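Coordinates from upload.txt are shown below (compact mmCIF, C-alpha atoms (C1' of nucleotides)).
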# COMPACT_ATOMS: atom_id res chain seq x y z
CA MET A 102 8.40 21.46 -7.81
CA THR A 103 9.34 22.36 -4.25
CA SER A 104 7.44 21.82 -1.04
CA ASP A 105 6.16 25.34 -1.37
CA ASN A 106 3.78 24.64 -4.17
CA PHE A 107 3.16 20.93 -3.80
CA ASN A 108 -0.31 20.34 -5.13
CA LEU A 109 -2.09 17.26 -3.89
CA SER A 110 -4.66 17.31 -6.65
CA GLU A 111 -1.90 16.94 -9.22
CA PHE A 112 -0.20 14.16 -7.29
CA LEU A 113 -0.52 10.88 -9.14
CA PRO A 114 -1.18 8.54 -6.21
CA TYR A 115 -3.91 10.83 -4.95
CA ARG A 116 -5.42 11.17 -8.40
CA LEU A 117 -5.50 7.43 -8.81
CA SER A 118 -7.10 7.01 -5.42
CA VAL A 119 -9.90 9.47 -6.05
CA LEU A 120 -10.64 8.09 -9.48
CA SER A 121 -10.69 4.56 -8.17
CA SER A 122 -12.88 5.41 -5.19
CA ARG A 123 -15.44 7.17 -7.31
CA THR A 124 -15.56 4.37 -9.85
CA THR A 125 -15.83 1.62 -7.28
CA LYS A 126 -18.51 3.45 -5.34
CA MET A 127 -20.64 4.07 -8.38
CA LEU A 128 -20.21 0.51 -9.58
CA SER A 129 -21.11 -0.81 -6.15
CA ARG A 130 -24.63 0.48 -6.68
CA VAL A 131 -25.02 -2.18 -9.34
CA TYR A 132 -24.23 -5.14 -7.13
CA GLY A 133 -24.93 -3.42 -3.82
CA GLU A 134 -28.33 -1.79 -3.79
CA LYS A 135 -29.99 -4.29 -6.07
CA TYR A 136 -28.28 -7.54 -5.11
CA GLY A 137 -27.04 -6.80 -1.61
CA LEU A 138 -23.43 -7.70 -2.28
CA SER A 139 -20.36 -6.03 -0.85
CA THR A 140 -17.30 -5.43 -2.98
CA PRO A 141 -15.41 -8.46 -1.64
CA GLU A 142 -18.48 -10.61 -2.15
CA TRP A 143 -18.90 -9.37 -5.71
CA ARG A 144 -15.29 -10.14 -6.49
CA VAL A 145 -15.46 -13.60 -5.01
CA LEU A 146 -18.69 -14.38 -6.80
CA VAL A 147 -17.24 -13.33 -10.11
CA HIS A 148 -14.10 -15.27 -9.59
CA VAL A 149 -15.72 -18.48 -8.52
CA ALA A 150 -17.99 -18.27 -11.54
CA ARG A 151 -15.04 -18.72 -13.85
CA ARG A 152 -14.06 -22.16 -12.61
CA GLU A 153 -15.88 -25.17 -11.35
CA LYS A 154 -14.10 -25.29 -8.03
CA MET A 155 -11.74 -22.97 -6.23
CA SER A 156 -10.02 -22.89 -2.87
CA VAL A 157 -9.87 -19.85 -0.61
CA ARG A 158 -6.19 -19.44 -1.29
CA GLU A 159 -6.65 -19.50 -5.02
CA ILE A 160 -9.18 -16.71 -4.74
CA HIS A 161 -6.84 -14.83 -2.46
CA ASP A 162 -4.02 -15.20 -4.96
CA SER A 163 -5.91 -13.99 -7.98
CA VAL A 164 -8.25 -11.40 -6.51
CA TYR A 165 -6.89 -8.41 -4.68
CA LEU A 166 -8.35 -9.40 -1.30
CA GLU A 167 -6.76 -10.40 1.98
CA LYS A 168 -7.28 -13.95 3.13
CA PRO A 169 -9.68 -13.07 5.93
CA ALA A 170 -11.70 -10.95 3.53
CA VAL A 171 -12.07 -13.91 1.20
CA SER A 172 -13.00 -16.20 4.06
CA ARG A 173 -15.73 -13.88 5.29
CA ALA A 174 -17.08 -13.16 1.84
CA VAL A 175 -17.30 -16.87 1.15
CA ALA A 176 -19.09 -17.44 4.44
CA LYS A 177 -21.68 -14.78 3.66
CA LEU A 178 -22.21 -16.00 0.14
CA GLU A 179 -22.71 -19.49 1.44
CA LYS A 180 -25.21 -18.31 4.03
CA ALA A 181 -27.06 -16.55 1.21
CA GLY A 182 -27.16 -19.81 -0.71
CA LEU A 183 -25.05 -18.51 -3.58
CA LEU A 184 -22.24 -20.98 -3.24
CA ARG A 185 -21.44 -24.27 -1.56
CA LYS A 186 -18.39 -25.23 0.44
CA THR A 187 -17.10 -28.77 0.66
CA THR A 188 -13.86 -29.96 2.12
CA CYS A 189 -11.56 -31.44 -0.46
CA GLU A 190 -11.43 -35.24 -0.35
CA THR A 191 -7.74 -35.58 -1.12
CA ASP A 192 -6.58 -32.74 1.13
CA HIS A 193 -8.75 -31.98 4.11
CA ARG A 194 -7.20 -28.57 4.61
CA LEU A 195 -8.62 -27.32 1.35
CA VAL A 196 -12.13 -26.14 0.73
CA GLU A 197 -13.77 -26.56 -2.62
CA ILE A 198 -15.97 -23.61 -3.43
CA ALA A 199 -18.52 -23.78 -6.20
CA LEU A 200 -21.47 -21.64 -7.24
CA THR A 201 -24.98 -22.89 -6.72
CA ALA A 202 -27.68 -22.43 -9.33
CA ALA A 203 -28.85 -19.37 -7.43
CA GLY A 204 -25.33 -18.01 -7.42
CA LEU A 205 -24.94 -18.53 -11.13
CA GLU A 206 -28.27 -16.89 -11.72
CA MET A 207 -27.27 -13.82 -9.74
CA PHE A 208 -23.95 -13.74 -11.53
CA ASN A 209 -25.71 -13.78 -14.88
CA GLY A 210 -27.95 -10.98 -13.69
CA ILE A 211 -25.21 -8.69 -12.47
CA VAL A 212 -22.57 -9.10 -15.15
CA PRO A 213 -24.50 -7.40 -17.96
CA GLU A 214 -25.18 -4.43 -15.70
CA ALA A 215 -21.55 -4.25 -14.65
CA LEU A 216 -20.44 -4.44 -18.26
CA SER A 217 -22.84 -1.72 -19.29
CA PHE A 218 -21.46 0.47 -16.53
CA GLU A 219 -17.99 -0.13 -17.88
CA ALA A 220 -19.23 0.48 -21.42
CA ALA A 221 -20.74 3.77 -20.36
CA ILE A 222 -17.39 4.86 -19.02
CA LEU A 223 -15.42 3.65 -22.00
CA SER A 224 -17.86 5.11 -24.49
CA ALA A 225 -16.04 8.40 -24.13
CA PHE A 226 -12.87 6.90 -25.56
CA SER A 227 -11.82 5.74 -28.97
CA PRO A 228 -10.49 2.20 -29.36
CA GLU A 229 -6.96 3.59 -29.57
CA GLU A 230 -7.46 5.52 -26.37
CA ARG A 231 -8.75 2.45 -24.62
CA ASP A 232 -5.61 0.65 -25.64
CA GLN A 233 -3.55 3.54 -24.40
CA LEU A 234 -5.30 3.48 -21.07
CA HIS A 235 -4.87 -0.25 -20.76
CA ASP A 236 -1.22 -0.02 -21.72
CA LEU A 237 -0.43 2.84 -19.37
CA MET A 238 -2.03 1.11 -16.42
CA GLU A 239 -0.18 -2.08 -17.18
CA ARG A 240 3.09 -0.26 -17.28
CA LEU A 241 2.32 1.49 -14.02
CA HIS A 242 2.00 -1.96 -12.48
CA ASP A 243 5.31 -2.97 -13.98
CA VAL A 244 7.00 0.05 -12.45
CA LEU A 245 5.53 -0.73 -9.05
CA ASP A 246 6.77 -4.30 -9.37
CA GLY A 247 10.29 -3.03 -9.82
CA LEU A 248 10.29 -0.75 -6.81
CA PRO A 249 11.77 -1.95 -3.51
CA ASP A 250 9.23 -3.55 -1.17
CA ALA A 251 6.69 -3.88 -3.94
CA THR A 252 3.29 -4.97 -2.74
CA ARG A 253 1.78 -8.14 -3.99
CA ARG A 254 0.16 -8.00 -7.39
CA PRO A 255 -2.67 -10.42 -8.01
CA GLN A 256 -1.81 -12.84 -10.76
CA MET A 257 -3.67 -12.51 -14.00
CA ASP A 258 -6.47 -14.89 -14.76
CA SER A 259 -4.82 -17.55 -16.81
CA ASP A 260 -7.88 -18.55 -18.68
CA GLY A 261 -9.97 -21.38 -17.37
CA PHE A 262 -8.50 -24.76 -17.13
CA GLY A 263 -10.68 -25.76 -14.32
CA SER A 264 -10.48 -27.65 -11.05
CA LEU A 265 -8.17 -27.03 -8.16
CA SER A 266 -4.86 -26.40 -9.82
CA LYS A 267 -2.90 -28.08 -7.09
CA ASP A 268 -0.19 -29.07 -9.49
CA ALA A 269 1.34 -32.41 -10.22
CA HIS A 270 2.46 -34.62 -7.42
CA MET B 251 -18.51 -10.28 -23.93
CA THR B 252 -21.09 -12.44 -22.24
CA SER B 253 -21.35 -13.53 -18.66
CA ASP B 254 -19.65 -16.75 -19.59
CA ASN B 255 -16.24 -15.29 -20.05
CA PHE B 256 -16.43 -12.19 -17.93
CA ASN B 257 -12.92 -11.56 -16.75
CA LEU B 258 -12.51 -9.53 -13.59
CA SER B 259 -8.87 -8.77 -14.23
CA GLU B 260 -9.80 -7.00 -17.44
CA PHE B 261 -12.62 -5.06 -15.83
CA LEU B 262 -11.76 -1.39 -15.64
CA PRO B 263 -13.13 -0.59 -12.17
CA TYR B 264 -11.27 -3.53 -10.71
CA ARG B 265 -8.08 -2.61 -12.53
CA LEU B 266 -8.29 0.93 -11.24
CA SER B 267 -8.88 -0.30 -7.73
CA VAL B 268 -5.91 -2.63 -7.67
CA LEU B 269 -3.59 -0.07 -9.19
CA SER B 270 -4.73 2.58 -6.75
CA SER B 271 -4.43 0.30 -3.73
CA ARG B 272 -0.93 -0.76 -4.60
CA THR B 273 0.19 2.80 -5.23
CA THR B 274 -1.34 4.18 -2.07
CA LYS B 275 0.03 1.40 0.04
CA MET B 276 3.56 1.82 -1.24
CA LEU B 277 3.39 5.57 -0.87
CA SER B 278 2.07 5.22 2.65
CA ARG B 279 5.42 3.82 3.67
CA VAL B 280 6.86 7.26 3.04
CA TYR B 281 4.61 9.13 5.43
CA GLY B 282 3.61 6.12 7.52
CA GLU B 283 6.61 4.19 8.73
CA LYS B 284 8.89 7.16 9.03
CA TYR B 285 6.54 9.93 10.12
CA GLY B 286 3.70 7.99 11.67
CA LEU B 287 0.96 9.54 9.58
CA SER B 288 -2.14 7.83 8.26
CA THR B 289 -3.41 8.59 4.78
CA PRO B 290 -6.12 11.01 5.95
CA GLU B 291 -3.59 12.77 8.15
CA TRP B 292 -1.13 13.06 5.30
CA ARG B 293 -3.79 14.54 3.06
CA VAL B 294 -4.93 17.02 5.66
CA LEU B 295 -1.38 18.05 6.46
CA VAL B 296 -0.61 18.65 2.83
CA HIS B 297 -3.75 20.59 2.27
CA VAL B 298 -3.43 22.84 5.28
CA ALA B 299 0.12 23.60 4.25
CA ARG B 300 -1.11 25.34 1.13
CA ARG B 301 -3.07 28.06 2.91
CA GLU B 302 -2.67 30.01 6.08
CA LYS B 303 -5.98 28.98 7.55
CA MET B 304 -8.61 26.44 6.62
CA SER B 305 -11.85 25.19 8.08
CA VAL B 306 -12.79 21.54 8.36
CA ARG B 307 -15.41 21.93 5.70
CA GLU B 308 -12.99 23.49 3.26
CA ILE B 309 -10.68 20.54 3.69
CA HIS B 310 -13.60 18.20 3.27
CA ASP B 311 -14.62 19.94 0.06
CA SER B 312 -11.24 19.86 -1.59
CA VAL B 313 -9.79 16.61 -0.32
CA TYR B 314 -11.49 13.32 -0.97
CA LEU B 315 -12.27 12.64 2.69
CA GLU B 316 -15.51 12.41 4.62
CA LYS B 317 -16.17 15.09 7.19
CA PRO B 318 -15.63 12.81 10.20
CA ALA B 319 -12.36 11.61 8.71
CA VAL B 320 -11.15 15.17 8.42
CA SER B 321 -12.27 15.95 11.94
CA ARG B 322 -10.43 12.99 13.40
CA ALA B 323 -7.31 13.57 11.35
CA VAL B 324 -7.21 17.17 12.49
CA ALA B 325 -7.62 16.09 16.10
CA LYS B 326 -4.70 13.68 15.87
CA LEU B 327 -2.49 16.16 14.09
CA GLU B 328 -3.25 18.72 16.77
CA LYS B 329 -2.44 16.27 19.53
CA ALA B 330 0.86 15.59 17.76
CA GLY B 331 1.57 19.32 17.78
CA LEU B 332 1.56 19.60 14.00
CA LEU B 333 -1.27 22.06 13.71
CA ARG B 334 -3.30 24.43 15.84
CA LYS B 335 -7.05 24.87 16.03
CA THR B 336 -8.72 28.13 16.94
CA THR B 337 -12.38 28.98 16.73
CA CYS B 338 -13.08 31.68 14.21
CA GLU B 339 -13.79 35.08 15.76
CA THR B 340 -16.48 36.15 13.33
CA ASP B 341 -18.26 32.79 13.16
CA HIS B 342 -18.00 30.61 16.21
CA ARG B 343 -19.05 27.52 14.32
CA LEU B 344 -15.93 27.59 12.22
CA VAL B 345 -12.53 26.36 13.20
CA GLU B 346 -9.39 27.91 11.83
CA ILE B 347 -6.72 25.32 11.23
CA ALA B 348 -3.11 26.28 10.69
CA LEU B 349 0.18 24.40 10.67
CA THR B 350 2.64 24.86 13.50
CA ALA B 351 6.36 25.19 12.89
CA ALA B 352 6.69 21.48 13.64
CA GLY B 353 3.96 20.70 11.14
CA LEU B 354 5.62 22.76 8.46
CA GLU B 355 8.91 21.09 9.16
CA MET B 356 7.40 17.64 8.79
CA PHE B 357 5.66 18.73 5.64
CA ASN B 358 8.93 19.93 4.19
CA GLY B 359 10.51 16.65 5.12
CA ILE B 360 7.88 14.42 3.56
CA VAL B 361 7.12 16.23 0.34
CA PRO B 362 10.48 15.61 -1.34
CA GLU B 363 10.20 11.91 -0.57
CA ALA B 364 6.66 11.78 -1.87
CA LEU B 365 7.70 13.58 -5.02
CA SER B 366 10.59 11.25 -5.57
CA PHE B 367 8.23 8.32 -5.24
CA GLU B 368 6.02 9.87 -7.87
CA ALA B 369 9.06 10.62 -10.01
CA ALA B 370 10.18 7.01 -9.78
CA ILE B 371 6.82 5.92 -11.09
CA LEU B 372 6.66 8.50 -13.85
CA SER B 373 10.24 7.88 -14.92
CA ALA B 374 8.97 4.99 -17.00
CA PHE B 375 6.93 7.33 -19.17
CA SER B 376 7.77 9.93 -21.75
CA PRO B 377 6.43 13.46 -21.31
CA GLU B 378 3.82 12.74 -23.98
CA GLU B 379 2.73 9.62 -22.18
CA ARG B 380 2.41 11.50 -18.92
CA ASP B 381 0.16 13.96 -20.64
CA GLN B 382 -1.86 11.10 -22.06
CA LEU B 383 -2.25 9.57 -18.64
CA HIS B 384 -3.26 12.87 -17.12
CA ASP B 385 -5.71 13.52 -19.91
CA LEU B 386 -7.28 10.07 -19.82
CA MET B 387 -7.80 10.21 -16.09
CA GLU B 388 -9.33 13.64 -16.33
CA ARG B 389 -11.74 12.47 -18.96
CA LEU B 390 -12.66 9.45 -16.87
CA HIS B 391 -13.70 11.88 -14.17
CA ASP B 392 -15.74 13.85 -16.66
CA VAL B 393 -17.57 10.72 -17.70
CA LEU B 394 -18.32 9.83 -14.11
CA ASP B 395 -19.63 13.35 -13.54
CA GLY B 396 -22.12 12.85 -16.34
CA LEU B 397 -23.49 9.57 -15.07
CA PRO B 398 -26.68 9.47 -12.98
CA ASP B 399 -26.07 9.63 -9.24
CA ALA B 400 -22.50 10.71 -9.72
CA THR B 401 -20.48 10.77 -6.54
CA ARG B 402 -18.97 13.96 -5.31
CA ARG B 403 -15.77 15.02 -6.96
CA PRO B 404 -13.42 17.07 -4.84
CA GLN B 405 -12.92 20.49 -6.32
CA MET B 406 -9.57 21.26 -7.81
CA ASP B 407 -7.14 23.35 -5.86
CA SER B 408 -7.74 26.80 -7.18
CA ASP B 409 -4.33 28.12 -6.37
CA GLY B 410 -3.77 29.81 -3.08
CA PHE B 411 -5.63 32.89 -2.27
CA GLY B 412 -5.50 32.43 1.41
CA SER B 413 -7.72 32.83 4.46
CA LEU B 414 -11.12 31.37 5.05
CA SER B 415 -12.89 31.95 1.79
CA LYS B 416 -16.23 32.60 3.47
CA ASP B 417 -17.25 34.94 0.74
CA ALA B 418 -18.37 38.51 0.94
CA HIS B 419 -21.05 39.56 3.35
C1' DA C 894 8.20 -43.87 11.28
C1' DG C 895 8.43 -39.59 13.86
C1' DA C 896 9.49 -34.77 14.87
C1' DA C 897 9.52 -30.30 12.91
C1' DA C 898 8.08 -27.20 9.62
C1' DT C 899 4.60 -25.65 6.31
C1' DT C 900 0.07 -24.76 4.54
C1' DC C 901 -4.89 -23.91 4.84
C1' DG C 902 -8.83 -21.57 6.45
C1' DT C 903 -10.76 -19.34 10.40
C1' DT C 904 -10.92 -16.45 14.26
C1' DT C 905 -9.56 -12.77 17.32
C1' DC C 906 -8.52 -8.13 18.32
C1' DA C 907 -7.38 -3.51 17.62
C1' DC C 908 -8.14 -0.06 14.39
C1' DT C 909 -10.33 2.49 10.76
C1' DT C 910 -14.66 4.04 8.09
C1' DG C 911 -19.22 5.72 6.83
C1' DC C 912 -23.53 7.21 8.17
C1' DA C 913 -26.62 9.29 10.97
C1' DA C 914 -27.59 12.04 14.87
C1' DC C 915 -26.31 15.68 17.95
C1' DG C 916 -25.33 20.35 20.29
C1' DA C 917 -23.96 24.74 19.15
C1' DT C 918 -24.05 28.66 16.22
C1' DT C 919 -25.67 31.47 12.51
C1' DA C 920 -28.84 32.58 8.65
C1' DT C 921 -33.52 33.09 6.91
C1' DC C 922 -37.89 35.00 6.78
C1' DA C 923 -42.61 35.70 8.35
C1' DT D 599 -38.09 40.22 16.76
C1' DG D 600 -38.82 35.41 17.11
C1' DA D 601 -39.37 31.01 15.32
C1' DT D 602 -37.68 27.93 11.87
C1' DA D 603 -34.20 26.27 8.96
C1' DA D 604 -29.50 25.62 7.69
C1' DT D 605 -24.56 25.01 8.69
C1' DC D 606 -20.42 23.62 11.32
C1' DG D 607 -17.70 20.30 13.64
C1' DT D 608 -17.96 16.38 16.66
C1' DT D 609 -19.41 12.03 18.44
C1' DG D 610 -21.74 7.22 18.59
C1' DC D 611 -22.33 3.23 16.59
C1' DA D 612 -22.40 -0.49 13.49
C1' DA D 613 -19.78 -2.48 9.90
C1' DG D 614 -15.54 -3.34 7.63
C1' DT D 615 -10.30 -4.14 7.46
C1' DG D 616 -5.55 -5.91 8.36
C1' DA D 617 -2.16 -8.35 10.99
C1' DA D 618 -1.14 -11.85 13.88
C1' DA D 619 -2.42 -16.07 16.19
C1' DC D 620 -4.62 -20.41 16.09
C1' DG D 621 -6.06 -25.48 15.32
C1' DA D 622 -6.19 -28.84 11.89
C1' DA D 623 -4.05 -31.18 8.19
C1' DT D 624 -0.23 -32.24 5.33
C1' DT D 625 4.53 -32.16 3.82
C1' DT D 626 9.45 -32.46 4.67
C1' DC D 627 13.50 -34.29 6.44
C1' DT D 628 16.28 -37.13 9.34

Here is the file; what I need is its structure written in the form of structure tokens.
Amino acid sequence: MTSDNFNLSEFLPYRLSVLSSRTTKMLSRVYGEKYGLSTPEWRVLVHVARREKMSVREIHDSVYLEKPAVSRAVAKLEKAGLLRKTTCETDHRLVEIALTAAGLEMFNGIVPEALSFEAAILSAFSPEERDQLHDLMERLHDVLDGLPDATRRPQMDSDGFGSLSKDAH
Amino acid sequence: MTSDNFNLSEFLPYRLSVLSSRTTKMLSRVYGEKYGLSTPEWRVLVHVARREKMSVREIHDSVYLEKPAVSRAVAKLEKAGLLRKTTCETDHRLVEIALTAAGLEMFNGIVPEALSFEAAILSAFSPEERDQLHDLMERLHDVLDGLPDATRRPQMDSDGFGSLSKDAH
DNA sequence: AGAAATTCGTTTCACTTGCAACGATTATCA
DNA sequence: TGATAATCGTTGCAAGTGAAACGAATTTCT
């Protein structure tokens, strides 16, 4: 393909962007209109729900959000009474973030709706096709990792062994 | 899956968002660092290059950009001498947007780099897998279209029959 | 121990975005 | 024809974002 007939709508990065934007926007109605959460807030809420305590940096590492975005989302969620911040006793730089009962309740309210949104999307695909999709996306990430100047990729959720994983010392 | 073990990193909308963000950001180095374009400007440039003349609304319809974003991108591109704006003779509300020689030159410079970025990504996949990816993404769009309150989906580039397609009157 | 470097979370600032409103122009229709 | 409605592109404004800078706290290294 030459410059002459370059077609943006067939260009993979553009296609990914449009698909992602539409999906995120439609999902955001679930946690936005009804629960008043922004996308960063939703992501933080979900992530904190998986462990007892998390620091801002841990959230930043595992969720695709810049540090300031995490900080602000946490501040808003705290103001809304959905989580509680306490400075870590053993390291006063760290903040221990934990859901409140209200936060957990909201989390339990949203998740089924979010999952049913996802289910509605995936209902159009067979189990094999879902695997294909999953596999293809994973490999796209791998390719990006190998490119020069690769952007940061949030680490996968290594399943919950709780507490601040500030490792052995 | 219950709320208890909801895993954000396995959640399709989130996965799409991260993949799209990474891809867009890495691509933006191509047109950003070297040519000083923002993403909306890049999209407008590319789109205007496919036809002789376009209006703001036509760009808005076919590119996934809000009307103000198009308007501002066009303004910047004009200031940079990459395109020219003239008010339509037969309808003074419309603006006819066309690339200048400098704009075309930049377009011809960027496109090969953008395509080689895409090629680098797709090199990890067989032709069949590329078709699968294309097909799966297309069907994801179809599903979104069928959902209530579906967001706007930019119309595909029906290949170039030029001029302002303000239809017969 | 003490100085320098590092890490953590927040804040600041410039920039971008999305939505609504606006003036200008054209279309609609009584 | 004349008034109303619709469309086009732009602008204002409030909210969001990213990068760098910052103070506080801890680690590192001599």

Q | Shortest interatomic distance to D:DT608 - which of B:Leu390, B:Val324, B:Ala400, B:Ala369, counting all atoms listed in the file | A |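 That would be B:Val324, the residue with the smallest distance to D:DT608.
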
Q | Atom-to-atom span, atom CA of A:Phe107 and atom CA of B:Ile360, Å | A | 10.9 Å

Q) Mind listing as an MDAnalysis selection string which residues of chain A are within 8 Å of chain B, counting all atoms listed in the file? A) chainID A and resid 103:110 112:115 117:128 144 147:148 151 165 208:209 212:213 219 222 225 230 234 237:238 240:242 244:245 250:254 257:258

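Contacts from chain C to chain A at a cut-off of 12 Å (all atoms listed in the file) map to DT900, DC901, DG902, DT903, DT904 and DT905 of chain C.
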
How about saving the chosen residues, C-alpha atoms (C1' of nucleotides) kept, as a PDB file, keeping the file's coordinate frame?
ATOM      1  C1'  DT C 900       0.070 -24.760   4.540  1.00  0.00           C
ATOM      2  C1'  DC C 901      -4.890 -23.910   4.840  1.00  0.00           C
ATOM      3  C1'  DG C 902      -8.830 -21.570   6.450  1.00  0.00           C
ATOM      4  C1'  DT C 903     -10.760 -19.340  10.400  1.00  0.00           C
ATOM      5  C1'  DT C 904     -10.920 -16.450  14.260  1.00  0.00           C
ATOM      6  C1'  DT C 905      -9.560 -12.770  17.320  1.00  0.00           C
TER       7       DT C 905
END

Within 12 Å of chain B, which residues of chain D show up? Give each one with its shortest atom-to-atom distance in Å (one decimal) and the two atoms involved, counting all atoms listed in the file, rows by chain then rising residue number, as CSV.
residue,atom,partner,partner_atom,distance
D:DT605,C1',B:Arg343,CA,8.3
D:DC606,C1',B:Arg343,CA,5.1
D:DG607,C1',B:Ser321,CA,7.2
D:DT608,C1',B:Ser321,CA,7.4
D:DT609,C1',B:Pro318,CA,9.1
D:DG610,C1',B:Pro318,CA,11.8

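Picture a line from atom CA of B:Ser278 to atom CA of B:Leu295; it runs 13.8 Å.
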
May I have the residues within 7 Å of B:Gly353 as a PDB file with C-alpha atoms, keeping the file's coordinate frame, using only C-alpha atoms (C1' of nucleotides) and disregarding those fewer than 4 positions away in the same chain?
ATOM      1  CA  LEU B 332       1.560  19.600  14.000  1.00  0.00           C
ATOM      2  CA  LEU B 333      -1.270  22.060  13.710  1.00  0.00           C
ATOM      3  CA  LEU B 349       0.180  24.400  10.670  1.00  0.00           C
ATOM      4  CA  PHE B 357       5.660  18.730   5.640  1.00  0.00           C
TER       5      PHE B 357
END

Q: May I ask for the distance between atom CA of B:Glu355 and atom CA of B:Thr337, given in Å to one decimal place?
A: 23.9 Å

Q | All residues 10 Å or closer to D:DA617, all atoms listed in the file, same chain fewer than 2 positions away omitted, as a list in words | A | DC906 and DA907 of chain C; DT615 and DA619 of chain D

Q: Please identify all polymer residues within 10 Å of stretch 909-912 of chain C, counting all atoms listed in the file, omitting same-chain residues fewer than 6 positions from it, and present them as a list in words.
A: Glu316, Lys317, Pro318 and Ala319 of chain B; DC611, DA612, DA613, DG614, DT615 and DG616 of chain D
